[in-house]
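Colleague: Can you keep this structure in mind? I'll have questions shortly.
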Amino acid sequence: MAGKPKGGGRQLLIDAALDCIAEYGYHRSSVREIARIAGVTAGLLRYYFPGKSELMAEAYRHYLRNVLMTYFYDATSAGPDPVNRLEAFTRAVFSVDPRCPNKMKIWTGFLELVLTDPEVSSERLRMYDLYLQEIGNCVAEIHAGREEAIAPERVRQIAVGIESLFNGLWLECSLHPSRMSPENALEIALDFMEARLDIRFSGRVPTRGVGAEAPAGSCG
């Protein structure tokens, strides 16, 4: 090529890679198919990235950062109360974002890459720690508000448990969408945290059924 292509070619390819992995998974997302979705040539892809693995690694970083920023933004917008922040964070996790309708499929599509690529795995762990930190801060502040002592190790343990619950529910939503919708998953997550932390999220009634609709309010 004579010079650097004009426009957002790099971002176009990243977006196409995310669309492709949501549709086909990691192994079936070929360079040719990504280029086709992006509406560019395979040569343009190689201009920006040495190959598929480098493009996918960058797409994964882009995906993680944008998703996490959305979660943090919603939590911060809920105000200083830790119960409200935790609820807003959880609703963001299970929301169906019109800007990223395949969020759960993308997450599961990247699992194999996380397990096999050390660089991608390292990025995932870095984002994971930030994720746990936000949940843990809410847990610690809930206990502090009740003047209850709780060790930092215990806070992290609870945060890991909550994050693991979220991941399990996400996986069920992706594998069995007819049996587990994001709304179902949200209700289960909120029920669990209410029971575990002895709190009550706003606008909810006790012991909602798994199939109940999510309360009115911000879900994404």
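Within each chain, counting starts at residue 1; across the structure tokens, chains are named A, B, ... in the order shown, with ligands numbered 1 upward in that order.
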Region 91-124 of chain A near region 56-68 of chain A within 10 Å: what's each residue's closest atom pair and its distance in Å to one decimal, counting only C-alpha atoms, ordered by chain then ascending residue number, as JSON lines?
Modeller:
{"residue": "A:Ala92", "atom": "CA", "partner": "A:Val67", "partner_atom": "CA", "distance": 9.0}
{"residue": "A:Val93", "atom": "CA", "partner": "A:Val67", "partner_atom": "CA", "distance": 8.5}
{"residue": "A:Asp97", "atom": "CA", "partner": "A:Val67", "partner_atom": "CA", "distance": 9.8}
{"residue": "A:Cys100", "atom": "CA", "partner": "A:Val67", "partner_atom": "CA", "distance": 9.1}
{"residue": "A:Lys103", "atom": "CA", "partner": "A:Val67", "partner_atom": "CA", "distance": 8.6}
{"residue": "A:Ile106", "atom": "CA", "partner": "A:Tyr63", "partner_atom": "CA", "distance": 8.5}
{"residue": "A:Trp107", "atom": "CA", "partner": "A:Tyr63", "partner_atom": "CA", "distance": 8.8}
{"residue": "A:Phe110", "atom": "CA", "partner": "A:Tyr60", "partner_atom": "CA", "distance": 7.3}
{"residue": "A:Leu113", "atom": "CA", "partner": "A:Ala57", "partner_atom": "CA", "distance": 8.2}
{"residue": "A:Val114", "atom": "CA", "partner": "A:Tyr60", "partner_atom": "CA", "distance": 9.1}
{"residue": "A:Asp117", "atom": "CA", "partner": "A:Ala57", "partner_atom": "CA", "distance": 8.5}
{"residue": "A:Glu119", "atom": "CA", "partner": "A:Ala57", "partner_atom": "CA", "distance": 7.9}
{"residue": "A:Val120", "atom": "CA", "partner": "A:Ala57", "partner_atom": "CA", "distance": 6.0}
{"residue": "A:Ser121", "atom": "CA", "partner": "A:Ala57", "partner_atom": "CA", "distance": 9.7}
{"residue": "A:Glu123", "atom": "CA", "partner": "A:Arg61", "partner_atom": "CA", "distance": 6.9}
{"residue": "A:Arg124", "atom": "CA", "partner": "A:Leu64", "partner_atom": "CA", "distance": 7.7}
Colleague: Apply DSSP to the structure's backbone, then extract all residues of region 60-185 of chain A labelled alpha helix (DSSP H) and return them as an MDAnalysis selection string.
Modeller: chainID A and resid 60:77 82:93 103:109 111:116 118:145 152:175 182:185
Colleague: Choose the residue, out of A:Arg28, A:Glu163, A:Gly9, A:Ala88, that has the smallest atom-to-atom separation from Phe49 (chain A); count only C-alpha atoms.
Modeller: A:Gly9
Colleague: I need the residue nearest Glu187 (chain A) from this list: A:Arg46, A:Arg32, A:Arg91, A:Arg10. Use only C-alpha atoms for the distance.
Modeller: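 Among A:Arg46, A:Arg32, A:Arg91, A:Arg10, it is A:Arg91 that comes nearest to Glu187 (chain A).
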Colleague: Can you pull out every residue within 7 Å of region 133-139 of chain A, counting only C-alpha atoms, but drop anything in the same chain fewer than 3 positions away, and send it as an NGL selection string?
Modeller: :A and (82-83 or 86 or 129-130 or 142-143 or 155-156 or 159)
Colleague: Could you save those same residues with N, CA and C atoms as a PDB file, in the first residue's frame?
Modeller:
ATOM      1  N   PRO A  82     -23.284   2.199  48.984  1.00  0.00           N
ATOM      2  CA  PRO A  82     -22.713   0.966  48.431  1.00  0.00           C
ATOM      3  C   PRO A  82     -23.759  -0.038  47.945  1.00  0.00           C
ATOM      4  N   VAL A  83     -24.934  -0.061  48.573  1.00  0.00           N
ATOM      5  CA  VAL A  83     -25.995  -0.972  48.120  1.00  0.00           C
ATOM      6  C   VAL A  83     -26.484  -0.550  46.744  1.00  0.00           C
ATOM      7  N   LEU A  86     -23.748  -1.353  44.165  1.00  0.00           N
ATOM      8  CA  LEU A  86     -23.670  -2.774  43.856  1.00  0.00           C
ATOM      9  C   LEU A  86     -24.837  -3.205  42.970  1.00  0.00           C
ATOM     10  N   ASP A 129      -9.136  -8.136  38.401  1.00  0.00           N
ATOM     11  CA  ASP A 129      -8.815  -7.500  39.680  1.00  0.00           C
ATOM     12  C   ASP A 129      -9.580  -6.186  39.856  1.00  0.00           C
ATOM     13  N   LEU A 130      -9.719  -5.411  38.787  1.00  0.00           N
ATOM     14  CA  LEU A 130     -10.494  -4.168  38.861  1.00  0.00           C
ATOM     15  C   LEU A 130     -11.962  -4.462  39.138  1.00  0.00           C
ATOM     16  N   ILE A 142     -20.597  -1.719  52.900  1.00  0.00           N
ATOM     17  CA  ILE A 142     -21.861  -2.197  53.495  1.00  0.00           C
ATOM     18  C   ILE A 142     -21.624  -2.619  54.943  1.00  0.00           C
ATOM     19  N   HIS A 143     -20.549  -3.355  55.171  1.00  0.00           N
ATOM     20  CA  HIS A 143     -20.237  -3.783  56.538  1.00  0.00           C
ATOM     21  C   HIS A 143     -19.832  -2.595  57.416  1.00  0.00           C
ATOM     22  N   VAL A 155     -13.375  -9.927  52.571  1.00  0.00           N
ATOM     23  CA  VAL A 155     -14.016  -9.090  51.549  1.00  0.00           C
ATOM     24  C   VAL A 155     -13.714  -9.649  50.160  1.00  0.00           C
ATOM     25  N   ARG A 156     -12.445  -9.974  49.911  1.00  0.00           N
ATOM     26  CA  ARG A 156     -12.072 -10.498  48.598  1.00  0.00           C
ATOM     27  C   ARG A 156     -12.750 -11.843  48.343  1.00  0.00           C
ATOM     28  N   ALA A 159     -16.229 -11.175  47.302  1.00  0.00           N
ATOM     29  CA  ALA A 159     -16.226 -10.594  45.958  1.00  0.00           C
ATOM     30  C   ALA A 159     -15.975 -11.659  44.905  1.00  0.00           C
TER      31      ALA A 159
END
Colleague: What does the structure give for the distance between CA of Ser29 (chain A) and CA of Glu112 (chain A), in Å to one decimal?
Modeller: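 Here the two named atoms are 12.8 Å from each other.
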Colleague: Would you please work out which residue, of A:Lys52, A:Ala185, A:Ala140, A:Val96, is nearest to Pro152 (chain A) when using only C-alpha atoms?
Modeller: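 Selected residue with least distance to Pro152 (chain A): A:Ala140.
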Colleague: Kindly indicate which residue among A:Lys105, A:Ser181, A:Gly79, A:Glu54 lies nearest to Asp19 (chain A), using only C-alpha atoms for the distances.
Modeller: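 Once distances to Asp19 (chain A) are computed over only C-alpha atoms, the minimum belongs to A:Lys105.
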Colleague: For Arg85 (chain A), please output as a count of residues only all residues within 7 Å (counting only C-alpha atoms; exclusion window: fewer than 6 positions along the same chain).
Modeller: 4
Colleague: With only C-alpha atoms as the atoms that count, which of A:Gly39, A:Asn102, A:Glu183, A:Ser77 lies nearest to Leu18 (chain A)?
Modeller: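 Using only C-alpha atoms, the shortest distance to Leu18 (chain A) belongs to A:Asn102.
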Colleague: Fewer than 5 positions away in the same chain doesn't count, so skip those; otherwise give me all residues within 9 Å of Ile162 (chain A), counting only C-alpha atoms, as a tab-separated table (two decimals) with all heavy atoms, in the first residue's frame.
Modeller:
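Output below, filename selection-v9.tsv:
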chain	number	residue	atom	x	y	z
A	132	LEU	N	-13.17	-7.16	40.68
A	132	LEU	CA	-13.28	-7.59	42.08
A	132	LEU	C	-13.15	-6.41	43.03
A	132	LEU	O	-13.81	-6.37	44.07
A	132	LEU	CB	-12.21	-8.61	42.41
A	132	LEU	CG	-12.35	-10.02	41.82
A	132	LEU	CD1	-11.21	-10.89	42.31
A	132	LEU	CD2	-13.70	-10.64	42.20
A	135	ILE	N	-16.56	-4.61	43.36
A	135	ILE	CA	-17.49	-5.41	44.18
A	135	ILE	C	-17.03	-5.40	45.64
A	135	ILE	O	-17.83	-5.21	46.56
A	135	ILE	CB	-17.58	-6.85	43.66
A	135	ILE	CG1	-18.17	-6.87	42.24
A	135	ILE	CG2	-18.44	-7.71	44.59
A	135	ILE	CD1	-18.16	-8.24	41.58
A	157	GLN	N	-12.83	-12.67	49.37
A	157	GLN	CA	-13.48	-13.98	49.21
A	157	GLN	C	-14.94	-13.82	48.79
A	157	GLN	O	-15.43	-14.53	47.90
A	157	GLN	CB	-13.38	-14.77	50.52
A	157	GLN	CG	-13.90	-16.19	50.43
A	157	GLN	CD	-13.77	-16.92	51.74
A	157	GLN	OE1	-14.22	-16.42	52.78
A	157	GLN	NE2	-13.15	-18.09	51.73
A	167	ASN	N	-20.37	-15.05	36.54
A	167	ASN	CA	-19.83	-15.79	35.41
A	167	ASN	C	-20.64	-17.04	35.10
A	167	ASN	O	-20.89	-17.37	33.94
A	167	ASN	CB	-18.37	-16.19	35.68
A	167	ASN	CG	-17.40	-15.06	35.39
A	167	ASN	OD1	-17.77	-14.05	34.80
A	167	ASN	ND2	-16.16	-15.22	35.80
A	189	ALA	N	-29.02	-13.25	40.73
A	189	ALA	CA	-27.86	-12.57	41.30
A	189	ALA	C	-28.27	-11.61	42.42
A	189	ALA	O	-27.65	-11.59	43.49
A	189	ALA	CB	-27.11	-11.81	40.21
A	192	PHE	N	-29.39	-13.60	45.52
A	192	PHE	CA	-28.25	-14.18	46.23
A	192	PHE	C	-27.55	-13.13	47.07
A	192	PHE	O	-27.24	-13.36	48.25
A	192	PHE	CB	-27.27	-14.78	45.22
A	192	PHE	CG	-25.99	-15.27	45.86
A	192	PHE	CD1	-25.91	-16.54	46.41
A	192	PHE	CD2	-24.88	-14.45	45.91
A	192	PHE	CE1	-24.74	-16.97	47.01
A	192	PHE	CE2	-23.70	-14.87	46.51
A	192	PHE	CZ	-23.63	-16.14	47.06
A	193	MET	N	-27.28	-11.97	46.50
A	193	MET	CA	-26.55	-10.94	47.24
A	193	MET	C	-27.37	-10.37	48.38
A	193	MET	O	-26.82	-10.04	49.44
A	193	MET	CB	-26.09	-9.84	46.28
A	193	MET	CG	-24.98	-10.29	45.35
A	193	MET	SD	-24.27	-8.94	44.36
A	193	MET	CE	-25.67	-8.56	43.28
Colleague: If I take CA of Ile14 (chain A) and CA of Leu169 (chain A), how far is one from the other in Å, to one decimal?
Modeller: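 Separating CA of Ile14 (chain A) from CA of Leu169 (chain A) is a distance of 26.6 Å.
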Colleague: Measuring atom to atom with only C-alpha atoms, identify which of A:Glu33, A:Glu147, A:Glu87, A:Asp15 is nearest to Tyr71 (chain A).
Modeller: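 Between A:Glu33, A:Glu147, A:Glu87, A:Asp15, the residue approaching Tyr71 (chain A) most closely is A:Glu87.
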